[in-house]
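The file my_file01.cif contains mmCIF, C-alpha atoms and all ligand atoms:
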```
data_structure
loop_
_atom_site.label_atom_id
_atom_site.label_comp_id
_atom_site.auth_asym_id
_atom_site.auth_seq_id
_atom_site.Cartn_x
_atom_site.Cartn_y
_atom_site.Cartn_z
CA MET O 1 24.23 13.31 4.46
CA GLY O 2 20.78 14.98 4.69
CA LEU O 3 18.06 14.25 2.12
CA GLU O 4 18.33 17.73 0.58
CA THR O 5 22.06 17.31 -0.06
CA ALA O 6 21.51 13.79 -1.41
CA ARG O 7 18.79 15.08 -3.73
CA ALA O 8 21.00 17.89 -5.04
CA ARG O 9 23.84 15.41 -5.69
CA LEU O 10 21.56 13.02 -7.53
CA LEU O 11 20.18 15.82 -9.70
CA GLU O 12 23.69 17.04 -10.45
CA SER O 13 24.76 13.59 -11.57
CA LEU O 14 21.58 13.04 -13.67
CA SER O 15 22.10 16.39 -15.41
CA HIS O 16 25.16 14.91 -17.19
CA GLU O 17 23.07 12.18 -18.80
CA ILE O 18 19.59 13.67 -19.16
CA SER O 19 19.18 16.74 -21.38
CA ASP O 20 15.44 17.47 -21.00
CA LYS O 21 15.28 20.25 -18.40
CA ARG O 22 11.59 19.64 -17.70
CA VAL O 23 12.36 16.03 -16.77
CA LEU O 24 15.14 17.13 -14.40
CA ALA O 25 12.81 19.73 -12.84
CA ALA O 26 10.16 17.05 -12.27
CA LEU O 27 12.72 14.78 -10.56
CA ALA O 28 13.79 17.73 -8.42
CA SER O 29 10.25 18.47 -7.29
CA VAL O 30 8.73 15.04 -6.54
CA PRO O 31 9.73 13.82 -3.04
CA ARG O 32 10.89 10.21 -3.73
CA GLU O 33 11.17 9.56 0.02
CA LEU O 34 7.36 9.58 0.27
CA PHE O 35 7.05 6.68 -2.20
CA ILE O 36 9.28 4.18 -0.39
CA PRO O 37 9.00 2.30 2.91
CA SER O 38 10.25 4.58 5.72
CA ASP O 39 13.03 2.07 6.58
CA TYR O 40 14.86 3.06 3.37
CA CYS O 41 14.10 6.76 3.61
CA HIS O 42 17.82 7.60 3.94
CA SER O 43 18.43 5.92 0.52
CA ALA O 44 15.66 7.87 -1.27
CA TYR O 45 18.16 9.80 -3.44
CA ASP O 46 20.64 7.01 -4.11
CA ASP O 47 20.52 6.15 -7.81
CA VAL O 48 19.25 2.61 -7.15
CA PRO O 49 15.96 0.70 -7.30
CA LEU O 50 14.40 0.02 -3.86
CA SER O 51 11.98 -2.61 -2.62
CA ILE O 52 8.35 -1.49 -2.22
CA GLY O 53 7.05 -4.86 -0.94
CA PHE O 54 5.12 -7.64 -2.75
CA GLY O 55 8.35 -8.55 -4.60
CA GLN O 56 8.23 -5.24 -6.53
CA THR O 57 10.62 -2.29 -6.81
CA ILE O 58 10.57 1.46 -7.43
CA SER O 59 12.91 2.02 -10.39
CA GLN O 60 16.31 3.67 -10.24
CA PRO O 61 15.97 7.48 -10.72
CA PHE O 62 18.22 7.42 -13.82
CA ILE O 63 15.92 4.89 -15.51
CA VAL O 64 12.83 6.91 -14.53
CA ALA O 65 14.45 10.01 -16.04
CA LEU O 66 15.59 8.20 -19.21
CA MET O 67 12.23 6.55 -19.87
CA THR O 68 10.37 9.79 -19.18
CA GLN O 69 12.67 11.80 -21.44
CA THR O 70 12.14 9.23 -24.21
CA LEU O 71 8.38 9.92 -24.16
CA GLY O 72 9.12 13.53 -25.29
CA LEU O 73 6.36 15.12 -23.18
CA LYS O 74 5.54 18.80 -23.74
CA GLY O 75 2.58 19.23 -21.39
CA SER O 76 -0.53 18.55 -23.45
CA GLU O 77 -0.37 14.74 -23.58
CA LYS O 78 -2.47 11.91 -22.24
CA VAL O 79 -0.10 9.23 -20.93
CA LEU O 80 -0.64 5.61 -19.87
CA GLU O 81 1.63 3.85 -17.38
CA ILE O 82 1.53 0.07 -16.85
CA GLY O 83 2.86 -0.83 -13.39
CA THR O 84 1.98 1.95 -10.92
CA GLY O 85 3.97 0.34 -8.10
CA SER O 86 4.68 3.09 -5.57
CA GLY O 87 3.17 5.83 -7.79
CA TYR O 88 6.50 7.67 -8.14
CA GLN O 89 6.78 7.41 -11.94
CA ALA O 90 3.09 8.42 -12.20
CA ALA O 91 3.84 11.58 -10.15
CA ILE O 92 6.75 12.44 -12.48
CA LEU O 93 4.43 11.98 -15.49
CA ALA O 94 1.73 14.09 -13.80
CA GLU O 95 4.25 16.95 -13.56
CA LEU O 96 4.97 16.76 -17.30
CA ALA O 97 1.74 15.77 -19.08
CA LYS O 98 -1.89 16.87 -19.00
CA GLN O 99 -3.42 13.59 -17.93
CA VAL O 100 -2.04 10.31 -16.59
CA VAL O 101 -3.77 6.94 -16.48
CA THR O 102 -1.88 4.26 -14.56
CA VAL O 103 -2.70 0.59 -13.96
CA GLU O 104 -1.38 -1.83 -11.33
CA ARG O 105 -2.22 -5.49 -10.72
CA ILE O 106 -1.52 -5.64 -6.96
CA PRO O 107 -4.52 -4.08 -5.13
CA GLN O 108 -2.49 -3.06 -2.04
CA LEU O 109 -0.09 -1.07 -4.24
CA VAL O 110 -3.05 0.58 -6.02
CA GLU O 111 -4.33 1.70 -2.62
CA SER O 112 -1.04 3.00 -1.26
CA ALA O 113 -0.10 4.78 -4.51
CA ARG O 114 -3.55 6.39 -4.58
CA ARG O 115 -3.09 7.64 -1.01
CA THR O 116 0.38 9.08 -1.70
CA LEU O 117 -0.67 10.82 -4.92
CA GLU O 118 -3.79 12.28 -3.26
CA MET O 119 -1.74 13.50 -0.30
CA LEU O 120 0.61 15.29 -2.72
CA GLY O 121 -2.39 16.92 -4.42
CA TYR O 122 -2.18 15.37 -7.91
CA THR O 123 -5.58 15.74 -9.59
CA ASN O 124 -4.56 14.62 -13.10
CA VAL O 125 -3.78 10.97 -12.29
CA GLU O 126 -6.29 8.08 -12.51
CA ILE O 127 -5.24 4.76 -10.98
CA HIS O 128 -6.94 1.52 -11.97
CA THR O 129 -6.56 -2.08 -10.89
CA ALA O 130 -5.31 -3.94 -13.96
CA GLU O 131 -7.71 -6.19 -15.85
CA ASN O 132 -6.89 -9.09 -18.18
CA VAL O 133 -6.10 -6.96 -21.22
CA LEU O 134 -2.79 -5.08 -20.91
CA GLY O 135 -3.09 -1.34 -20.39
CA TRP O 136 -6.37 0.56 -20.12
CA PRO O 137 -8.17 0.44 -23.51
CA ALA O 138 -11.16 2.37 -22.11
CA GLY O 139 -8.98 5.51 -21.93
CA ALA O 140 -7.22 5.06 -25.29
CA PRO O 141 -5.75 6.53 -27.41
CA TYR O 142 -2.66 7.75 -25.53
CA ASP O 143 0.09 10.03 -26.85
CA ALA O 144 2.61 8.04 -24.80
CA VAL O 145 2.69 4.67 -23.04
CA ILE O 146 5.33 3.65 -20.49
CA VAL O 147 5.69 0.11 -19.19
CA THR O 148 7.66 -0.18 -15.94
CA ALA O 149 7.90 -3.99 -15.94
CA GLY O 150 9.81 -6.28 -18.32
CA ALA O 151 7.94 -7.96 -21.19
CA PRO O 152 8.91 -10.98 -23.34
CA ARG O 153 7.95 -9.07 -26.53
CA ILE O 154 6.32 -5.80 -27.65
CA PRO O 155 2.61 -6.33 -26.85
CA ASP O 156 0.32 -5.49 -29.82
CA ALA O 157 -2.40 -4.60 -27.30
CA LEU O 158 -0.30 -1.64 -26.12
CA VAL O 159 0.77 -0.43 -29.57
CA GLU O 160 -2.94 -0.38 -30.44
CA GLN O 161 -3.62 2.01 -27.54
CA LEU O 162 -1.26 4.66 -29.04
CA THR O 163 -2.28 7.66 -31.15
CA PRO O 164 -0.63 7.86 -34.60
CA GLY O 165 2.87 9.19 -33.86
CA GLY O 166 2.49 8.04 -30.22
CA ARG O 167 5.50 6.62 -28.30
CA LEU O 168 5.73 3.40 -26.27
CA VAL O 169 8.70 2.78 -23.97
CA ILE O 170 9.04 -0.79 -22.71
CA PRO O 171 11.75 -3.13 -21.37
CA VAL O 172 11.79 -6.25 -23.59
CA GLY O 173 13.81 -9.41 -23.00
CA SER O 174 14.04 -12.32 -20.55
CA ARG O 175 12.52 -12.44 -17.06
CA TRP O 176 15.85 -11.22 -15.63
CA GLU O 177 17.26 -8.72 -18.08
CA GLN O 178 15.89 -6.62 -20.88
CA GLU O 179 16.62 -3.94 -23.46
CA LEU O 180 14.76 -0.66 -23.23
CA ILE O 181 12.76 -0.33 -26.46
CA LYS O 182 11.05 2.73 -27.91
CA VAL O 183 8.25 2.12 -30.43
CA THR O 184 6.84 5.05 -32.42
CA ARG O 185 3.49 4.23 -33.98
CA ARG O 186 3.44 5.02 -37.68
CA LYS O 187 0.92 4.44 -40.46
CA ARG O 188 2.97 1.84 -42.27
CA ARG O 189 5.87 0.37 -40.35
CA ASN O 190 6.37 1.33 -36.68
CA LEU O 191 9.77 2.77 -35.78
CA ILE O 192 11.65 0.65 -33.23
CA GLU O 193 14.73 1.94 -31.35
CA ASN O 194 16.90 0.25 -28.71
CA LEU O 195 18.02 2.44 -25.80
CA GLY O 196 20.22 -0.15 -24.05
CA GLY O 197 20.17 -2.72 -21.26
CA CYS O 198 18.02 -2.60 -18.11
CA ARG O 199 16.52 -4.83 -15.40
CA PHE O 200 12.88 -4.79 -14.40
CA VAL O 201 10.50 -7.05 -12.49
CA PRO O 202 8.37 -9.11 -14.92
CA LEU O 203 5.22 -7.82 -16.59
CA ILE O 204 2.56 -10.38 -15.71
CA GLY O 205 -0.43 -11.10 -17.91
CA GLU O 206 -2.08 -12.46 -21.00
CA ASP O 207 0.37 -11.04 -23.54
CA ALA O 208 3.35 -11.18 -21.12
CA TRP O 209 4.81 -13.54 -18.45
CA GLU O 210 2.98 -16.09 -16.33
CA GLN O 211 2.99 -15.23 -12.64
N1 LIG S 301 6.55 2.49 -11.80
C1 LIG S 301 6.68 1.97 -10.45
C2 LIG S 301 7.58 0.75 -10.35
C3 LIG S 301 6.85 -0.42 -10.80
S1 LIG S 301 7.46 -2.04 -10.49
C4 LIG S 301 7.13 3.03 -9.48
O1 LIG S 301 7.37 4.18 -9.89
O2 LIG S 301 7.20 2.74 -8.28
C5 LIG S 301 6.43 -2.84 -11.68
C6 LIG S 301 4.97 -2.92 -11.29
O3 LIG S 301 4.27 -3.51 -12.38
C7 LIG S 301 4.72 -3.84 -10.10
O4 LIG S 301 4.09 -3.12 -9.08
C8 LIG S 301 3.83 -4.94 -10.67
O5 LIG S 301 2.84 -5.41 -9.77
C9 LIG S 301 3.20 -4.25 -11.86
N2 LIG S 301 2.67 -5.11 -12.93
C10 LIG S 301 3.19 -6.26 -13.41
N3 LIG S 301 2.41 -6.73 -14.42
C11 LIG S 301 1.39 -5.84 -14.59
C12 LIG S 301 0.28 -5.75 -15.47
N4 LIG S 301 0.03 -6.66 -16.40
N5 LIG S 301 -0.55 -4.66 -15.36
C13 LIG S 301 -0.33 -3.72 -14.42
N6 LIG S 301 0.70 -3.75 -13.55
C14 LIG S 301 1.56 -4.78 -13.64
#
```
Target format C-alpha cells, applied to this file:
Amino acid sequence: MGLETARARLLESLSHEISDKRVLAALASVPRELFIPSDYCHSAYDDVPLSIGFGQTISQPFIVALMTQTLGLKGSEKVLEIGTGSGYQAAILAELAKQVVTVERIPQLVESARRTLEMLGYTNVEIHTAENVLGWPAGAPYDAVIVTAGAPRIPDALVEQLTPGGRLVIPVGSRWEQELIKVTRRKRRNLIENLGGCRFVPLIGEDAWEQ
C-alpha cells in the first residue's frame, strides 16, 4: 500500500473517534513520514508509536489526535509542549494554535526536530533544550500545556504555567502505564478529568521520574 492510501485509511479510521475537524485536518496535512527514521517510512500511517532513537518514541496518531482535541484549540492560543521528540506533535500544534513553545531534554532530538520543522516552514514554533524546572516558565502563561511523557503525578510547576481556564493534558501513573489526565486551571479548585489508559515513555526530571 502506498503512503497516500495508508494516510487516507488512517484518517478515515480516526474520523470515527475524533470529532474536531480542525484536528483531523492537521493530521491530514502534516507528513508523519518526515518525523521518523527512514527505515520505518512504510509504517508512517500505521496507528502505532514508532521508535525515534535514544529510547524514545513518536506517539500513536490516535493519541496525538485525542490529546490535541482535548486542548480545545481555536487558533489564537499559546501552547507549551513538554517532550518535543521528533517534532511531530509540535507541528500538529503549530497548525492549530498561534504560537508553540516546545522543550526536549535530549539535545540530538532538539536538533533534528528543529531541522524538520524548519524544512517544513513552521515559523510559529520555538524549541528549547529542557532545563531543571519542568516546562518553560520564561514563556508562561500558556492557554494549553501538553506533556508527551508519563509523569508520576500532576506537576504543580506545569499547572502554574497555565492561564486561568487553561488546559493541561498529561499521562499520569507508573513508569509503564498511565491514565491520560486533563486539568483545567480554575480560581478555586482545578477541574480534573480522566480520559482513559495510555502508555508513554517516562517524563524525567525534578518533579517527575529519575533517569
Ligand atoms: N511528542 C513527541 C514524542 C515524545 S516522546 C513526538 O511527537 O515525537 C517523549 C519525549 O519527552 C522524549 O523525547 C523525552 O526525551 C522527552 N522528555 C522526557 N522528560 C522530559 C523533560 N523533563 N523535559 C522535556 N522533555 C522531556
(request) Using only C-alpha atoms and all ligand atoms, determine which residues fall within 8 Å of ligand LIG 301 (chain S), then list them as a ChimeraX atom specification. (result) /O:35,52,54,56-59,64,81-90,103-106,109,129-135,147-149,200-206,208
(message) Between atom CA of Pro141 of chain O and atom CA of Glu95 of chain O, what distance in Å does the model show, to one decimal?
(response)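 A separation of 20.0 Å between them.
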(request) Quick one: everything within 12 Å of segment 168-184 of chain O, counting only C-alpha atoms, minus sequence neighbours fewer than 5 positions away in the same chain. Send it as a ChimeraX atom specification. (result) /O:63-64,66-72,79-83,135,141-163,189-204,208-211
(request) Could you tell me how far atom CA of Ser15 of chain O lies from atom CA of Glu77 of chain O, in Å and to one decimal? (result)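 Result for atom CA of Ser15 of chain O versus atom CA of Glu77 of chain O: 24.0 Å, one decimal.
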(message) Rounded to one decimal, what separation in Å do you get between atom CA of Asp39 of chain O and atom CA of Ile127 of chain O?
(response) 25.5 Å
